[in-house]
file structure.cif (mmCIF, C-alpha atoms)
data_work
loop_
_atom_site.group_PDB
_atom_site.id
_atom_site.type_symbol
_atom_site.label_atom_id
_atom_site.label_comp_id
_atom_site.auth_asym_id
_atom_site.auth_seq_id
_atom_site.Cartn_x
_atom_site.Cartn_y
_atom_site.Cartn_z
ATOM 1 C CA MET A 3 48.002 55.493 98.052
ATOM 2 C CA SER A 4 46.774 58.004 100.516
ATOM 3 C CA GLU A 5 46.523 61.694 99.747
ATOM 4 C CA ASN A 6 48.719 62.731 102.664
ATOM 5 C CA PRO A 7 51.772 60.494 103.101
ATOM 6 C CA ASP A 8 52.596 61.997 106.514
ATOM 7 C CA SER A 9 49.208 61.181 108.048
ATOM 8 C CA VAL A 10 48.859 58.254 110.399
ATOM 9 C CA PRO A 11 46.472 55.562 109.029
ATOM 10 C CA PRO A 12 43.510 54.691 111.264
ATOM 11 C CA PRO A 13 43.771 51.541 113.302
ATOM 12 C CA ALA A 14 42.681 48.501 111.287
ATOM 13 C CA ASN A 15 40.407 47.087 114.062
ATOM 14 C CA ASP A 16 38.143 50.153 114.313
ATOM 15 C CA PRO A 17 34.919 49.385 112.345
ATOM 16 C CA ARG A 18 33.640 52.958 112.578
ATOM 17 C CA PRO A 19 34.084 55.306 109.645
ATOM 18 C CA ARG A 20 36.671 57.989 110.022
ATOM 19 C CA PRO A 21 34.900 61.148 111.296
ATOM 20 C CA GLN A 22 34.940 64.367 109.349
ATOM 21 C CA TYR A 23 35.479 67.755 110.970
ATOM 22 C CA GLY A 24 32.868 68.255 113.725
ATOM 23 C CA GLU A 25 30.823 65.283 112.563
ATOM 24 C CA LEU A 26 30.582 63.135 115.713
ATOM 25 C CA ALA A 27 30.282 65.931 118.279
ATOM 26 C CA PRO A 28 26.759 66.588 119.576
ATOM 27 C CA GLU A 29 25.193 69.943 118.865
ATOM 28 C CA GLY A 30 26.103 72.672 121.344
ATOM 29 C CA TRP A 31 29.057 70.777 122.749
ATOM 30 C CA THR A 32 32.304 72.747 123.321
ATOM 31 C CA TRP A 33 35.545 71.400 124.637
ATOM 32 C CA GLN A 34 36.889 72.742 127.902
ATOM 33 C CA PRO A 35 40.114 71.575 129.489
ATOM 34 C CA PRO A 36 39.746 69.495 132.633
ATOM 35 C CA VAL A 37 40.185 71.339 135.926
ATOM 36 C CA GLU A 38 42.642 69.782 138.332
ATOM 37 C CA LYS A 39 42.629 70.836 141.964
ATOM 38 C CA ASP A 40 46.297 70.022 142.656
ATOM 39 C CA ARG A 41 47.529 71.651 139.507
ATOM 40 C CA VAL A 42 49.942 74.595 139.800
ATOM 41 C CA GLU A 43 49.471 77.347 137.262
ATOM 42 C CA ALA A 44 52.445 77.789 134.985
ATOM 43 C CA VAL A 45 54.293 81.077 135.306
ATOM 44 C CA PRO A 46 54.866 82.718 131.947
ATOM 45 C CA ALA A 47 58.503 82.705 130.854
ATOM 46 C CA PRO A 48 60.319 86.022 131.198
ATOM 47 C CA ALA A 49 60.547 88.053 128.036
ATOM 48 C CA PHE A 50 64.292 88.457 128.466
ATOM 49 C CA GLY A 51 67.093 87.448 130.763
ATOM 50 C CA ALA A 52 69.436 84.564 131.303
ATOM 51 C CA GLY A 53 68.260 81.194 130.123
ATOM 52 C CA THR A 54 65.569 82.436 127.776
ATOM 53 C CA ALA A 55 65.598 81.926 124.086
ATOM 54 C CA LEU A 56 65.542 84.874 121.774
ATOM 55 C CA PRO A 57 62.267 85.593 120.041
ATOM 56 C CA PRO A 58 62.252 84.573 116.375
ATOM 57 C CA GLN A 59 62.456 88.144 115.105
ATOM 58 C CA ALA A 60 65.593 88.752 117.220
ATOM 59 C CA THR A 61 67.505 85.899 115.594
ATOM 60 C CA THR A 62 67.143 87.290 112.093
ATOM 61 C CA PRO A 63 69.595 90.001 111.087
ATOM 62 C CA PRO A 64 68.105 93.492 111.054
ATOM 63 C CA LEU A 65 67.429 95.111 107.749
ATOM 64 C CA ARG A 66 69.858 97.811 106.757
ATOM 65 C CA SER A 67 68.200 101.140 106.336
ATOM 66 C CA ALA A 68 69.516 104.398 105.035
ATOM 67 C CA PRO A 69 72.012 106.039 107.391
ATOM 68 C CA VAL A 70 70.503 108.542 109.760
ATOM 69 C CA PRO A 71 71.805 112.045 109.061
ATOM 70 C CA ARG A 72 74.016 113.242 111.871
ATOM 71 C CA THR A 73 72.905 116.230 113.802
ATOM 72 C CA VAL A 74 75.604 118.766 114.502
ATOM 73 C CA PRO A 75 74.989 121.599 116.941
ATOM 74 C CA GLY A 76 74.306 124.937 115.324
ATOM 75 C CA TRP A 77 77.342 126.561 116.934
ATOM 76 C CA ASP A 78 79.839 124.180 115.319
ATOM 77 C CA ARG A 79 79.943 125.735 111.841
ATOM 78 C CA PRO A 80 80.414 129.386 112.925
ATOM 79 C CA TRP A 81 83.002 128.426 115.528
ATOM 80 C CA THR A 82 84.926 126.344 113.011
ATOM 81 C CA VAL A 83 84.924 129.146 110.442
ATOM 82 C CA GLY A 84 85.895 131.690 113.110
ATOM 83 C CA LEU A 85 88.738 129.526 114.378
ATOM 84 C CA LEU A 86 89.977 128.985 110.820
ATOM 85 C CA ALA A 87 89.938 132.751 110.213
ATOM 86 C CA PHE A 88 91.827 133.328 113.463
ATOM 87 C CA GLY A 89 94.267 130.592 112.417
ATOM 88 C CA LEU A 90 94.818 132.334 109.092
ATOM 89 C CA LEU A 91 95.705 135.571 110.894
ATOM 90 C CA ALA A 92 98.016 133.701 113.268
ATOM 91 C CA THR A 93 99.663 131.925 110.323
ATOM 92 C CA VAL A 94 100.311 135.223 108.545
ATOM 93 C CA TYR A 95 101.739 136.625 111.782
ATOM 94 C CA GLY A 96 103.975 133.554 112.221
ATOM 95 C CA VAL A 97 105.219 133.724 108.625
ATOM 96 C CA PHE A 98 106.105 137.408 108.979
ATOM 97 C CA SER A 99 107.714 136.765 112.386
ATOM 98 C CA LEU A 100 109.976 134.118 110.918
ATOM 99 C CA GLY A 101 110.682 136.330 107.910
ATOM 100 C CA GLY A 102 111.632 139.239 110.173
ATOM 101 C CA PHE A 103 113.845 137.151 112.422
ATOM 102 C CA PRO A 104 117.142 138.787 111.300
ATOM 103 C CA ILE A 105 115.702 142.267 111.926
ATOM 104 C CA ALA A 106 114.495 141.270 115.407
ATOM 105 C CA MET A 107 117.893 139.769 116.202
ATOM 106 C CA GLN A 108 119.662 142.980 115.103
ATOM 107 C CA ALA A 109 117.386 144.954 117.446
ATOM 108 C CA PHE A 110 118.272 142.571 120.286
ATOM 109 C CA TYR A 111 121.996 142.868 119.523
ATOM 110 C CA THR A 112 121.741 146.672 119.536
ATOM 111 C CA ASP A 113 119.806 146.657 122.837
ATOM 112 C CA GLN A 114 122.304 144.424 124.577
ATOM 113 C CA GLY A 115 125.395 146.070 123.046
ATOM 114 C CA LEU A 116 126.546 142.918 121.263
ATOM 115 C CA GLY A 117 127.479 144.654 118.015
ATOM 116 C CA THR A 118 126.124 143.866 114.580
ATOM 117 C CA TYR A 119 124.094 140.717 113.960
ATOM 118 C CA ALA A 120 125.616 138.569 111.243
ATOM 119 C CA PRO A 121 123.139 135.824 110.346
ATOM 120 C CA SER A 122 124.593 132.449 109.469
ATOM 121 C CA ALA A 123 124.050 130.975 106.020
ATOM 122 C CA SER A 124 121.351 128.561 107.241
ATOM 123 C CA ILE A 125 119.087 131.207 108.814
ATOM 124 C CA GLY A 126 117.302 131.817 105.504
ATOM 125 C CA ALA A 127 116.620 128.100 105.009
ATOM 126 C CA ILE A 128 115.398 127.637 108.579
ATOM 127 C CA THR A 129 112.994 130.593 108.534
ATOM 128 C CA THR A 130 111.703 129.775 105.031
ATOM 129 C CA THR A 131 111.107 126.128 105.930
ATOM 130 C CA GLY A 132 109.327 127.208 109.116
ATOM 131 C CA ALA A 133 107.091 129.631 107.222
ATOM 132 C CA ILE A 134 106.181 127.017 104.600
ATOM 133 C CA THR A 135 105.448 124.473 107.341
ATOM 134 C CA LEU A 136 103.125 126.929 109.093
ATOM 135 C CA VAL A 137 101.211 127.512 105.861
ATOM 136 C CA PHE A 138 100.875 123.771 105.240
ATOM 137 C CA VAL A 139 99.611 123.152 108.789
ATOM 138 C CA TRP A 140 96.907 125.792 108.290
ATOM 139 C CA LEU A 141 95.979 124.383 104.859
ATOM 140 C CA ALA A 142 95.716 120.856 106.283
ATOM 141 C CA ALA A 143 93.530 122.034 109.171
ATOM 142 C CA THR A 144 91.307 123.934 106.735
ATOM 143 C CA ALA A 145 90.957 120.955 104.382
ATOM 144 C CA VAL A 146 90.040 118.549 107.182
ATOM 145 C CA SER A 147 87.609 121.054 108.718
ATOM 146 C CA VAL A 148 85.818 121.689 105.425
ATOM 147 C CA ARG A 149 85.574 117.961 104.752
ATOM 148 C CA LEU A 150 84.041 117.353 108.186
ATOM 149 C CA LEU A 151 81.624 120.259 107.746
ATOM 150 C CA LEU A 152 80.475 118.893 104.390
ATOM 151 C CA ARG A 153 79.866 115.488 105.979
ATOM 152 C CA ARG A 154 77.837 117.189 108.717
ATOM 153 C CA ARG A 155 80.211 116.173 111.487
ATOM 154 C CA ARG A 156 81.716 118.236 114.285
ATOM 155 C CA ALA A 157 84.786 120.100 113.103
ATOM 156 C CA PHE A 158 85.548 122.845 115.644
ATOM 157 C CA PHE A 159 88.327 120.829 117.241
ATOM 158 C CA VAL A 160 90.402 120.585 114.035
ATOM 159 C CA PRO A 161 91.424 124.287 113.936
ATOM 160 C CA ILE A 162 92.274 124.075 117.642
ATOM 161 C CA ILE A 163 94.577 121.114 117.010
ATOM 162 C CA GLY A 164 96.024 122.912 113.977
ATOM 163 C CA GLY A 165 96.711 125.978 116.114
ATOM 164 C CA ALA A 166 98.522 123.880 118.717
ATOM 165 C CA VAL A 167 100.638 122.227 116.018
ATOM 166 C CA SER A 168 101.399 125.639 114.462
ATOM 167 C CA LEU A 169 102.502 126.977 117.831
ATOM 168 C CA VAL A 170 104.881 124.050 118.317
ATOM 169 C CA VAL A 171 106.253 124.484 114.764
ATOM 170 C CA LEU A 172 106.793 128.228 115.264
ATOM 171 C CA PHE A 173 108.524 127.646 118.607
ATOM 172 C CA ALA A 174 110.732 124.860 117.211
ATOM 173 C CA PHE A 175 111.930 126.845 114.182
ATOM 174 C CA THR A 176 112.531 129.957 116.290
ATOM 175 C CA MET A 177 114.611 127.951 118.771
ATOM 176 C CA ALA A 178 116.535 126.357 115.895
ATOM 177 C CA ALA A 179 117.315 129.810 114.510
ATOM 178 C CA LEU A 180 118.419 131.064 117.948
ATOM 179 C CA PHE A 181 120.642 128.114 118.767
ATOM 180 C CA ILE A 182 122.809 128.434 115.650
ATOM 181 C CA ASP A 183 124.009 131.917 116.668
ATOM 182 C CA PRO A 184 127.289 131.514 118.604
ATOM 183 C CA THR A 185 127.346 135.136 119.841
ATOM 184 C CA LEU A 186 123.896 134.773 121.400
ATOM 185 C CA ILE A 187 124.814 131.443 123.006
ATOM 186 C CA GLU A 188 127.948 132.950 124.535
ATOM 187 C CA PHE A 189 125.975 135.968 125.792
ATOM 188 C CA LEU A 190 123.314 133.758 127.389
ATOM 189 C CA SER A 191 125.937 131.529 129.029
ATOM 190 C CA ARG A 192 127.488 134.571 130.774
ATOM 191 C CA GLN A 193 124.128 135.578 132.250
#

call {"tool": "encode", "arguments": {"input": "structure.cif", "output": "structure tokens"}}
result
Amino acid sequence: MSENPDSVPPPANDPRPRPQYGELAPEGWTWQPPVEKDRVEAVPAPAFGAGTALPPQATTPPLRSAPVPRTVPGWDRPWTVGLLAFGLLATVYGVFSLGGFPIAMQAFYTDQGLGTYAPSASIGAITTTGAITLVFVWLAATAVSVRLLLRRRRAFFVPIIGGAVSLVVLFAFTMAALFIDPTLIEFLSRQ
């Protein structure tokens, strides 16, 4: 058997011995490709573009490396903390505004000469629910902001969104408290 099964055996009619590497070439001889006058030089294939194959390294999936730490602008953290502090002050103001709703309504009644304000039974539940909702909106905005800051992601927009939601909540509960007062509704309908 031959040593290399994939090699092609020499032709049987050739009486010469099989040459070894460089054995039959004369000394000083080097191979040069033949020069053809009518030959057109081949243009190298483009490195990219339509109809080209991907290089071998592009077909293998890239190695996963450690995630690159995100860079957050230096102003994000102080703005987020400042907006959260402002939101805390606004939340306290909103809670006290809802808590003082009956007093404010009595002042309005006195100003307009409507008599004595008699709050309905549900005013306490409406203002308390509104105050608790305001506190929970601020707590949720604070929790999400802190989580984003710890992950080194932008967080300044969360207190802004929380402030917008708090404003809508405060407006909605104030309107609900106003619209259950029949004396006020009758007064406004005469205007």

call {"tool": "atom_distance", "arguments": {"input": "structure.cif", "atom1": "CA of Gly132 (chain A)", "atom2": "CA of Trp81 (chain A)"}}
result
27.1 Å

call {"tool": "atom_distance", "arguments": {"input": "structure.cif", "atom1": "CA of Gly117 (chain A)", "atom2": "CA of Asp183 (chain A)"}}
result
13.3 Å

call {"tool": "closest_residue", "arguments": {"input": "structure.cif", "among": "A:Asn15, A:Ser99, A:Ser191, A:Thr185", "to": "Gly115 (chain A)", "atoms": "all atoms listed in the file"}}
result
A:Thr185

call {"tool": "residues_near_point", "arguments": {"input": "structure.cif", "point": "(95.4, 126.8, 116.0)", "cutoff": "10 Å", "atoms": "only C-alpha atoms", "output": "mmCIF file with C-alpha atoms, keeping the file's coordinate frame"}}
result
data_model
loop_
_atom_site.group_PDB
_atom_site.id
_atom_site.type_symbol
_atom_site.label_atom_id
_atom_site.label_comp_id
_atom_site.auth_asym_id
_atom_site.auth_seq_id
_atom_site.Cartn_x
_atom_site.Cartn_y
_atom_site.Cartn_z
ATOM 1 C CA LEU A 85 88.738 129.526 114.378
ATOM 2 C CA LEU A 86 89.977 128.985 110.820
ATOM 3 C CA ALA A 87 89.938 132.751 110.213
ATOM 4 C CA PHE A 88 91.827 133.328 113.463
ATOM 5 C CA GLY A 89 94.267 130.592 112.417
ATOM 6 C CA LEU A 90 94.818 132.334 109.092
ATOM 7 C CA ALA A 92 98.016 133.701 113.268
ATOM 8 C CA THR A 93 99.663 131.925 110.323
ATOM 9 C CA VAL A 139 99.611 123.152 108.789
ATOM 10 C CA TRP A 140 96.907 125.792 108.290
ATOM 11 C CA ALA A 143 93.530 122.034 109.171
ATOM 12 C CA PHE A 159 88.327 120.829 117.241
ATOM 13 C CA VAL A 160 90.402 120.585 114.035
ATOM 14 C CA PRO A 161 91.424 124.287 113.936
ATOM 15 C CA ILE A 162 92.274 124.075 117.642
ATOM 16 C CA ILE A 163 94.577 121.114 117.010
ATOM 17 C CA GLY A 164 96.024 122.912 113.977
ATOM 18 C CA GLY A 165 96.711 125.978 116.114
ATOM 19 C CA ALA A 166 98.522 123.880 118.717
ATOM 20 C CA VAL A 167 100.638 122.227 116.018
ATOM 21 C CA SER A 168 101.399 125.639 114.462
ATOM 22 C CA LEU A 169 102.502 126.977 117.831
#

call {"tool": "atom_distance", "arguments": {"input": "structure.cif", "atom1": "CA of Gln114 (chain A)", "atom2": "CA of Phe189 (chain A)"}}
result
9.3 Å

call {"tool": "residues_around", "arguments": {"input": "structure.cif", "residues": "Leu150 (chain A)", "least_positions_apart": "5", "cutoff": "12 Å", "atoms": "all atoms listed in the file", "output": "ChimeraX atom specification"}}
result
/A:72,74,78-79,82,143-145,155-161

call {"tool": "write_last_selection", "arguments": {"input": "structure.cif", "atoms": "C-alpha atoms", "output": "PDB file, in the frame of the given file"}}
result
ATOM      1  CA  ARG A  72      74.016 113.242 111.871  1.00  0.00           C
ATOM      2  CA  VAL A  74      75.604 118.766 114.502  1.00  0.00           C
ATOM      3  CA  ASP A  78      79.839 124.180 115.319  1.00  0.00           C
ATOM      4  CA  ARG A  79      79.943 125.735 111.841  1.00  0.00           C
ATOM      5  CA  THR A  82      84.926 126.344 113.011  1.00  0.00           C
ATOM      6  CA  ALA A 143      93.530 122.034 109.171  1.00  0.00           C
ATOM      7  CA  THR A 144      91.307 123.934 106.735  1.00  0.00           C
ATOM      8  CA  ALA A 145      90.957 120.955 104.382  1.00  0.00           C
ATOM      9  CA  ARG A 155      80.211 116.173 111.487  1.00  0.00           C
ATOM     10  CA  ARG A 156      81.716 118.236 114.285  1.00  0.00           C
ATOM     11  CA  ALA A 157      84.786 120.100 113.103  1.00  0.00           C
ATOM     12  CA  PHE A 158      85.548 122.845 115.644  1.00  0.00           C
ATOM     13  CA  PHE A 159      88.327 120.829 117.241  1.00  0.00           C
ATOM     14  CA  VAL A 160      90.402 120.585 114.035  1.00  0.00           C
ATOM     15  CA  PRO A 161      91.424 124.287 113.936  1.00  0.00           C
TER      16      PRO A 161
END

call {"tool": "closest_residue", "arguments": {"input": "structure.cif", "among": "A:Ile125, A:Ala179, A:Ala120, A:Ile134", "to": "Phe98 (chain A)", "atoms": "only C-alpha atoms"}}
result
A:Ile134

call {"tool": "closest_residue", "arguments": {"input": "structure.cif", "among": "A:Thr73, A:Ala133, A:Tyr95, A:Met177", "to": "Arg153 (chain A)", "atoms": "all atoms listed in the file"}}
result
A:Thr73

call {"tool": "resolve_selection", "arguments": {"input": "structure.cif", "expression": "the PyMOL selection byres ((chain A and resi 180) around 12)", "output": "PyMOL selection string"}}
result
chain A and resi 100+103-104+106-107+110+119+121-122+124-125+128-129+173-179+181-190
